[in-house]
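Read through the structure below, which is laid out as structure tokens, and then see the notes.
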Amino acid sequence: MNTEIKIGIVEDELLIAEKIKSHLISMGYEVCEPVSNYEEAMEMIETEKPDMLLLDINLGNKKDGIHIAEKVNQKYIQT
């Protein structure tokens, strides 16, 4: 079991997000409820504190998965 690792999913296509979530749960991971945009992602990260994120690069708006990764690195990663 991998229950010590919590995974966040940011994916704007609901069917894909749910399929990823289902596979991760079947492998024993704890999975946050998938979100589909920058604002929801930042809120999920703040409240759920996932250990790992799976980010869709193209979210169909100006703030995509790359922006989320940059913000997470700035805010949470100590260098």
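Quick note on naming: the chains in the structure tokens go A, B, ... in the order shown, residues restart at 1 in each chain, and ligands are numbered from 1 in order of appearance.
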Tell me, as a PyMOL selection string, which residues lie within 12 Å of Ala17 in chain A, counting only C-alpha atoms; anything in the same chain fewer than 2 positions away does not count. chain A and resi 8-15+19-24+31-36+54-56
Residues flagged helix (DSSP H, G or I) by DSSP in chain A, as an NGL selection string: :A and (14-26 or 38-48 or 65-76)
Which one of A:Glu30, A:Lys75, A:Glu4, A:Ala69 sits closest to Leu53 in chain A if you count only C-alpha atoms? A:Ala69
Across A:Lys6, A:Met27, A:Asp51, A:Ile45, the smallest distance to Ile68 in chain A, with only C-alpha atoms counted, is shown by A:Ile45
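When CA of Glu40 in chain A is paired with CA of Lys63 in chain A, their separation reads 11.5 Å.
The spacing separating CA of Tyr29 in chain A from CA of Met52 in chain A amounts to 10.8 Å.
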Hey, can you check how far CA of Asn73 in chain A sits from CA of Ile5 in chain A?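 Interatomic distance here is 18.8 Å.
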